[in-house]
Amino acid sequence: MDDSLRLDGLDRQIVARLERNARSSFATIGAEVGLSAPAVKRRVDRLVESGVITGFHAALDPRALGHGVEVFVELYCSGRTSAVEIARIVSRHAEVQEAYTVTGDANALLRVRTTDTAHLERTLENLRSEPAVLQTKSSVVLSRLIPPAD
């Protein structure tokens with residue numbers, strides 16, 4: 001049976017609270033969902049062990065780190081460039097925050113963060129200098145309409 005089908009309502013409440021704030025204590029979560037801290041810890045441990053929870057992270061404001069330009073880049077590659085090779089290519093570029101294989105004409109869609117447009121231009125030139133990359137098409141983000149779930 002798929003692990004997601006074994007989540008009960010309490011598990012879902014715990015996960016929702018951890019999604020909002022991964023630093024919440026087990027006691028705080030327990031008080032909110034009606035369980036003891038040890039009971040919450042057991043459930044979280046089980047969710048981690050089963051792969052439902054894959055990690056905990058800090059949500060950062062990229063602008064505060066000097067990365068104020070956000071861009072979606074369509075990546076077009078030659079021939080039958082594999083997803084593994086595309087992953088290798090984009091992992092060499094620190095500005096690439098996320099990368100996905102997609103349907104349509106492009107081979108991949110990248111979310112890129114840079115300090116300014118000059119940095120963006122250099123990043124795009126560096127991506128296009130990769131032997132398997134034929135071209136890129138970019139869309140600069142003007143504003144975020146729906147914030148990320150964090």
# chains A, B, ... in the order shown; residues from 1 in each chain; ligands from 1

call {"tool": "residues_around", "arguments": {"residues": "Arg12 (chain A)", "least_positions_apart": "4", "cutoff": "12 Å", "atoms": "only C-alpha atoms", "output": "PDB file with all heavy atoms, in the first residue's frame"}}
result
ATOM      1  N   SER A   4       1.219   7.218   1.404  1.00  0.00           N
ATOM      2  CA  SER A   4       0.342   8.372   1.532  1.00  0.00           C
ATOM      3  C   SER A   4      -1.068   7.944   1.917  1.00  0.00           C
ATOM      4  O   SER A   4      -1.815   8.705   2.515  1.00  0.00           O
ATOM      5  CB  SER A   4       0.325   9.192   0.245  1.00  0.00           C
ATOM      6  OG  SER A   4      -0.261   8.450  -0.792  1.00  0.00           O
ATOM      7  N   LEU A   5      -1.445   6.707   1.604  1.00  0.00           N
ATOM      8  CA  LEU A   5      -2.768   6.231   1.942  1.00  0.00           C
ATOM      9  C   LEU A   5      -2.867   5.854   3.421  1.00  0.00           C
ATOM     10  O   LEU A   5      -3.952   5.703   3.943  1.00  0.00           O
ATOM     11  CB  LEU A   5      -3.137   5.030   1.061  1.00  0.00           C
ATOM     12  CG  LEU A   5      -3.161   5.307  -0.438  1.00  0.00           C
ATOM     13  CD1 LEU A   5      -3.468   4.038  -1.213  1.00  0.00           C
ATOM     14  CD2 LEU A   5      -4.195   6.372  -0.765  1.00  0.00           C
ATOM     15  N   ARG A   6      -1.746   5.701   4.100  1.00  0.00           N
ATOM     16  CA  ARG A   6      -1.744   5.322   5.508  1.00  0.00           C
ATOM     17  C   ARG A   6      -1.681   6.509   6.449  1.00  0.00           C
ATOM     18  O   ARG A   6      -1.642   6.338   7.649  1.00  0.00           O
ATOM     19  CB  ARG A   6      -0.582   4.375   5.797  1.00  0.00           C
ATOM     20  CG  ARG A   6      -0.817   3.003   5.185  1.00  0.00           C
ATOM     21  CD  ARG A   6       0.241   2.075   5.640  1.00  0.00           C
ATOM     22  NE  ARG A   6       1.193   1.973   4.550  1.00  0.00           N
ATOM     23  CZ  ARG A   6       2.305   1.293   4.594  1.00  0.00           C
ATOM     24  NH1 ARG A   6       2.662   0.685   5.693  1.00  0.00           N
ATOM     25  NH2 ARG A   6       3.102   1.235   3.562  1.00  0.00           N
ATOM     26  N   LEU A   7      -1.660   7.703   5.936  1.00  0.00           N
ATOM     27  CA  LEU A   7      -1.644   8.886   6.788  1.00  0.00           C
ATOM     28  C   LEU A   7      -3.043   9.120   7.341  1.00  0.00           C
ATOM     29  O   LEU A   7      -4.011   9.173   6.591  1.00  0.00           O
ATOM     30  CB  LEU A   7      -1.216  10.129   6.009  1.00  0.00           C
ATOM     31  CG  LEU A   7       0.199  10.164   5.456  1.00  0.00           C
ATOM     32  CD1 LEU A   7       0.438  11.483   4.743  1.00  0.00           C
ATOM     33  CD2 LEU A   7       1.220   9.944   6.524  1.00  0.00           C
ATOM     34  N   ASP A   8      -3.132   9.265   8.645  1.00  0.00           N
ATOM     35  CA  ASP A   8      -4.438   9.589   9.210  1.00  0.00           C
ATOM     36  C   ASP A   8      -4.540  11.101   9.390  1.00  0.00           C
ATOM     37  O   ASP A   8      -3.622  11.856   9.063  1.00  0.00           O
ATOM     38  CB  ASP A   8      -4.683   8.821  10.514  1.00  0.00           C
ATOM     39  CG  ASP A   8      -3.738   9.200  11.638  1.00  0.00           C
ATOM     40  OD1 ASP A   8      -3.092  10.270  11.573  1.00  0.00           O
ATOM     41  OD2 ASP A   8      -3.641   8.417  12.608  1.00  0.00           O
ATOM     42  N   ALA A  16       1.156  19.427   8.262  1.00  0.00           N
ATOM     43  CA  ALA A  16       0.785  20.810   7.921  1.00  0.00           C
ATOM     44  C   ALA A  16       1.493  21.802   8.847  1.00  0.00           C
ATOM     45  O   ALA A  16       1.983  22.839   8.398  1.00  0.00           O
ATOM     46  CB  ALA A  16      -0.729  20.985   8.009  1.00  0.00           C
ATOM     47  N   ARG A  17       1.581  21.467  10.123  1.00  0.00           N
ATOM     48  CA  ARG A  17       2.257  22.369  11.059  1.00  0.00           C
ATOM     49  C   ARG A  17       3.758  22.411  10.794  1.00  0.00           C
ATOM     50  O   ARG A  17       4.381  23.464  10.892  1.00  0.00           O
ATOM     51  CB  ARG A  17       1.936  21.969  12.492  1.00  0.00           C
ATOM     52  CG  ARG A  17       0.568  22.496  12.895  1.00  0.00           C
ATOM     53  CD  ARG A  17      -0.090  21.714  13.988  1.00  0.00           C
ATOM     54  NE  ARG A  17      -1.367  22.294  14.365  1.00  0.00           N
ATOM     55  CZ  ARG A  17      -2.505  22.088  13.700  1.00  0.00           C
ATOM     56  NH1 ARG A  17      -2.522  21.350  12.607  1.00  0.00           N
ATOM     57  NH2 ARG A  17      -3.628  22.630  14.119  1.00  0.00           N
ATOM     58  N   LEU A  18       4.341  21.280  10.463  1.00  0.00           N
ATOM     59  CA  LEU A  18       5.776  21.262  10.138  1.00  0.00           C
ATOM     60  C   LEU A  18       6.060  22.006   8.848  1.00  0.00           C
ATOM     61  O   LEU A  18       7.107  22.635   8.705  1.00  0.00           O
ATOM     62  CB  LEU A  18       6.288  19.819  10.060  1.00  0.00           C
ATOM     63  CG  LEU A  18       6.412  19.097  11.394  1.00  0.00           C
ATOM     64  CD1 LEU A  18       6.725  17.619  11.174  1.00  0.00           C
ATOM     65  CD2 LEU A  18       7.458  19.745  12.281  1.00  0.00           C
ATOM     66  N   GLU A  19       5.134  21.943   7.893  1.00  0.00           N
ATOM     67  CA  GLU A  19       5.313  22.706   6.649  1.00  0.00           C
ATOM     68  C   GLU A  19       5.323  24.204   6.942  1.00  0.00           C
ATOM     69  O   GLU A  19       6.073  24.952   6.322  1.00  0.00           O
ATOM     70  CB  GLU A  19       4.203  22.385   5.646  1.00  0.00           C
ATOM     71  CG  GLU A  19       4.396  21.076   4.934  1.00  0.00           C
ATOM     72  CD  GLU A  19       3.296  20.819   3.931  1.00  0.00           C
ATOM     73  OE1 GLU A  19       2.105  20.972   4.277  1.00  0.00           O
ATOM     74  OE2 GLU A  19       3.633  20.446   2.794  1.00  0.00           O
ATOM     75  N   ILE A  29       3.374  21.349  18.756  1.00  0.00           N
ATOM     76  CA  ILE A  29       2.520  20.645  17.793  1.00  0.00           C
ATOM     77  C   ILE A  29       1.511  19.775  18.530  1.00  0.00           C
ATOM     78  O   ILE A  29       0.324  19.746  18.194  1.00  0.00           O
ATOM     79  CB  ILE A  29       3.372  19.807  16.813  1.00  0.00           C
ATOM     80  CG1 ILE A  29       4.226  20.735  15.942  1.00  0.00           C
ATOM     81  CG2 ILE A  29       2.478  18.914  15.953  1.00  0.00           C
ATOM     82  CD1 ILE A  29       5.270  20.020  15.104  1.00  0.00           C
ATOM     83  N   VAL A  33      -2.620  19.681  18.216  1.00  0.00           N
ATOM     84  CA  VAL A  33      -3.348  18.555  17.611  1.00  0.00           C
ATOM     85  C   VAL A  33      -3.921  17.591  18.646  1.00  0.00           C
ATOM     86  O   VAL A  33      -4.564  16.617  18.284  1.00  0.00           O
ATOM     87  CB  VAL A  33      -2.473  17.786  16.590  1.00  0.00           C
ATOM     88  CG1 VAL A  33      -1.987  18.707  15.486  1.00  0.00           C
ATOM     89  CG2 VAL A  33      -1.319  17.064  17.267  1.00  0.00           C
ATOM     90  N   VAL A  40       3.816  12.823  19.311  1.00  0.00           N
ATOM     91  CA  VAL A  40       4.130  13.563  18.083  1.00  0.00           C
ATOM     92  C   VAL A  40       5.487  13.123  17.554  1.00  0.00           C
ATOM     93  O   VAL A  40       5.650  12.877  16.355  1.00  0.00           O
ATOM     94  CB  VAL A  40       4.103  15.093  18.320  1.00  0.00           C
ATOM     95  CG1 VAL A  40       4.625  15.851  17.096  1.00  0.00           C
ATOM     96  CG2 VAL A  40       2.696  15.557  18.676  1.00  0.00           C
ATOM     97  N   ARG A  43       5.262   9.831  15.784  1.00  0.00           N
ATOM     98  CA  ARG A  43       4.624   9.981  14.469  1.00  0.00           C
ATOM     99  C   ARG A  43       5.586  10.637  13.467  1.00  0.00           C
ATOM    100  O   ARG A  43       5.678  10.212  12.321  1.00  0.00           O
ATOM    101  CB  ARG A  43       3.333  10.792  14.582  1.00  0.00           C
ATOM    102  CG  ARG A  43       2.185   9.965  15.162  1.00  0.00           C
ATOM    103  CD  ARG A  43       0.945  10.827  15.340  1.00  0.00           C
ATOM    104  NE  ARG A  43      -0.169  10.032  15.822  1.00  0.00           N
ATOM    105  CZ  ARG A  43      -1.152   9.582  15.041  1.00  0.00           C
ATOM    106  NH1 ARG A  43      -1.159   9.836  13.750  1.00  0.00           N
ATOM    107  NH2 ARG A  43      -2.133   8.872  15.557  1.00  0.00           N
ATOM    108  N   VAL A  44       6.298  11.676  13.893  1.00  0.00           N
ATOM    109  CA  VAL A  44       7.250  12.341  12.998  1.00  0.00           C
ATOM    110  C   VAL A  44       8.357  11.363  12.613  1.00  0.00           C
ATOM    111  O   VAL A  44       8.726  11.272  11.438  1.00  0.00           O
ATOM    112  CB  VAL A  44       7.820  13.629  13.640  1.00  0.00           C
ATOM    113  CG1 VAL A  44       8.996  14.174  12.823  1.00  0.00           C
ATOM    114  CG2 VAL A  44       6.730  14.691  13.773  1.00  0.00           C
ATOM    115  N   LEU A  47       6.991   9.131  10.017  1.00  0.00           N
ATOM    116  CA  LEU A  47       6.834   9.844   8.745  1.00  0.00           C
ATOM    117  C   LEU A  47       8.176  10.035   8.047  1.00  0.00           C
ATOM    118  O   LEU A  47       8.266   9.947   6.821  1.00  0.00           O
ATOM    119  CB  LEU A  47       6.146  11.195   8.974  1.00  0.00           C
ATOM    120  CG  LEU A  47       4.674  11.105   9.430  1.00  0.00           C
ATOM    121  CD1 LEU A  47       4.193  12.450   9.938  1.00  0.00           C
ATOM    122  CD2 LEU A  47       3.798  10.591   8.303  1.00  0.00           C
ATOM    123  N   VAL A  52       7.699  10.002   3.935  1.00  0.00           N
ATOM    124  CA  VAL A  52       6.727  11.077   3.746  1.00  0.00           C
ATOM    125  C   VAL A  52       7.408  12.423   3.999  1.00  0.00           C
ATOM    126  O   VAL A  52       7.273  13.359   3.217  1.00  0.00           O
ATOM    127  CB  VAL A  52       5.509  10.892   4.679  1.00  0.00           C
ATOM    128  CG1 VAL A  52       4.583  12.102   4.628  1.00  0.00           C
ATOM    129  CG2 VAL A  52       4.742   9.627   4.303  1.00  0.00           C
ATOM    130  N   ILE A  53       8.150  12.507   5.096  1.00  0.00           N
ATOM    131  CA  ILE A  53       8.966  13.694   5.379  1.00  0.00           C
ATOM    132  C   ILE A  53      10.372  13.375   4.901  1.00  0.00           C
ATOM    133  O   ILE A  53      10.989  12.418   5.360  1.00  0.00           O
ATOM    134  CB  ILE A  53       8.971  14.037   6.882  1.00  0.00           C
ATOM    135  CG1 ILE A  53       7.569  14.410   7.347  1.00  0.00           C
ATOM    136  CG2 ILE A  53       9.954  15.177   7.168  1.00  0.00           C
ATOM    137  CD1 ILE A  53       7.451  14.636   8.849  1.00  0.00           C
TER     138      ILE A  53
END

call {"tool": "residues_around", "arguments": {"residues": "Ala37 (chain A)", "least_positions_apart": "5", "cutoff": "6 Å", "atoms": "only C-alpha atoms", "output": "ChimeraX atom specification"}}
result
/A:26-27,30

call {"tool": "closest_residue", "arguments": {"among": "A:Gln13, A:Lys41, A:Arg128, A:Pro147", "to": "Ser25 (chain A)", "atoms": "only C-alpha atoms"}}
result
A:Lys41

call {"tool": "residues_around", "arguments": {"residues": "Leu120 (chain A)", "least_positions_apart": "4", "cutoff": "12 Å", "atoms": "only C-alpha atoms", "output": "list in words"}}
result
His67, Gly68, Val69, Glu70, Val71, Phe72, Val73, His93, Ala94, Glu95, Val96, Arg111, Val112, Arg113, Thr114, Thr115, Asp116, Leu124, Glu125, Asn126, Leu127, Ser138, Ser139 and Val140 of chain A

call {"tool": "atom_distance", "arguments": {"atom1": "CA of Pro148 (chain A)", "atom2": "CA of Ala83 (chain A)"}}
result
25.2 Å

call {"tool": "select_by_dssp", "arguments": {"residues": "chain A", "states": "strand (DSSP E or B)", "output": "MDAnalysis selection string"}}
result
chainID A and resid 69:77 96:101 108:114 133:140

call {"tool": "closest_residue", "arguments": {"among": "A:Leu35, A:Gly66, A:Glu74, A:Ile89", "to": "His119 (chain A)", "atoms": "only C-alpha atoms"}}
result
A:Gly66

call {"tool": "closest_residue", "arguments": {"among": "A:Gln97, A:Thr28, A:Thr81, A:Ser50", "to": "Pro62 (chain A)", "atoms": "only C-alpha atoms"}}
result
A:Gln97

call {"tool": "closest_residue", "arguments": {"among": "A:Ala87, A:Ala31, A:Ala106, A:Ile14", "to": "Thr136 (chain A)", "atoms": "only C-alpha atoms"}}
result
A:Ala106

call {"tool": "closest_residue", "arguments": {"among": "A:Leu110, A:Ala39, A:Leu142, A:Leu134", "to": "Ser91 (chain A)", "atoms": "only C-alpha atoms"}}
result
A:Leu110

call {"tool": "closest_residue", "arguments": {"among": "A:Ala132, A:Tyr100, A:Leu109, A:His57", "to": "Ser78 (chain A)", "atoms": "only C-alpha atoms"}}
result
A:Ala132

call {"tool": "atom_distance", "arguments": {"atom1": "CA of Val133 (chain A)", "atom2": "CA of Ala118 (chain A)"}}
result
20.5 Å

call {"tool": "select_by_dssp", "arguments": {"residues": "chain A", "states": "helix (DSSP H, G or I)", "output": "PyMOL selection string"}}
result
chain A and resi 3-6+9-20+26-33+37-49+62-65+83-91+117-128

call {"tool": "atom_distance", "arguments": {"atom1": "CA of Thr123 (chain A)", "atom2": "CA of Val141 (chain A)"}}
result
16.0 Å

call {"tool": "decode", "arguments": {"residues": "region 33-102 of chain A", "atoms": "C-alpha atoms", "output": "compact mmCIF listing (two decimals), in the first residue's frame"}}
result
# COMPACT_ATOMS: atom_id res chain seq x y z
CA VAL A 33 -3.35 18.55 17.61
CA GLY A 34 -4.24 17.02 20.98
CA LEU A 35 -1.27 14.66 21.45
CA SER A 36 1.64 14.46 23.87
CA ALA A 37 5.11 15.53 22.71
CA PRO A 38 6.38 11.90 22.74
CA ALA A 39 3.39 10.82 20.62
CA VAL A 40 4.13 13.56 18.08
CA LYS A 41 7.81 12.56 18.02
CA ARG A 42 6.89 8.91 17.31
CA ARG A 43 4.62 9.98 14.47
CA VAL A 44 7.25 12.34 13.00
CA ASP A 45 9.90 9.60 13.26
CA ARG A 46 7.55 7.21 11.42
CA LEU A 47 6.83 9.84 8.74
CA VAL A 48 10.57 10.38 8.24
CA GLU A 49 11.28 6.63 8.16
CA SER A 50 8.51 6.00 5.63
CA GLY A 51 9.75 8.81 3.37
CA VAL A 52 6.73 11.08 3.75
CA ILE A 53 8.97 13.69 5.38
CA THR A 54 12.17 13.89 3.38
CA GLY A 55 13.93 16.62 5.32
CA PHE A 56 13.73 19.86 7.23
CA HIS A 57 15.01 23.17 5.88
CA ALA A 58 15.30 26.85 6.52
CA ALA A 59 13.23 29.07 4.23
CA LEU A 60 15.42 31.95 3.08
CA ASP A 61 14.61 35.28 1.50
CA PRO A 62 16.79 35.31 -1.64
CA ARG A 63 16.59 39.12 -1.81
CA ALA A 64 18.15 39.36 1.65
CA LEU A 65 21.03 37.27 0.27
CA GLY A 66 21.46 39.64 -2.68
CA HIS A 67 19.67 37.48 -5.26
CA GLY A 68 16.89 39.84 -6.29
CA VAL A 69 16.42 38.69 -9.89
CA GLU A 70 14.31 35.56 -10.37
CA VAL A 71 13.99 34.04 -13.84
CA PHE A 72 12.40 30.98 -15.40
CA VAL A 73 14.60 29.61 -18.17
CA GLU A 74 13.55 27.13 -20.81
CA LEU A 75 16.56 24.99 -21.70
CA TYR A 76 16.79 23.46 -25.18
CA CYS A 77 19.32 20.67 -25.70
CA SER A 78 20.69 18.83 -28.70
CA GLY A 79 19.58 15.39 -29.80
CA ARG A 80 18.57 12.99 -27.11
CA THR A 81 20.23 14.65 -24.14
CA SER A 82 19.16 12.57 -21.14
CA ALA A 83 17.65 13.93 -17.96
CA VAL A 84 20.75 12.71 -16.12
CA GLU A 85 23.00 14.76 -18.42
CA ILE A 86 20.76 17.83 -18.08
CA ALA A 87 20.97 17.46 -14.29
CA ARG A 88 24.77 17.31 -14.54
CA ILE A 89 24.83 20.42 -16.73
CA VAL A 90 22.59 22.57 -14.55
CA SER A 91 24.18 21.41 -11.28
CA ARG A 92 27.40 23.12 -12.42
CA HIS A 93 25.63 26.49 -12.25
CA ALA A 94 24.98 27.70 -8.69
CA GLU A 95 22.40 30.21 -9.90
CA VAL A 96 20.06 27.36 -10.90
CA GLN A 97 17.82 26.88 -7.86
CA GLU A 98 15.48 24.26 -9.34
CA ALA A 99 15.36 22.26 -12.56
CA TYR A 100 12.62 20.12 -14.07
CA THR A 101 12.22 18.05 -17.20
CA VAL A 102 9.04 19.18 -18.95
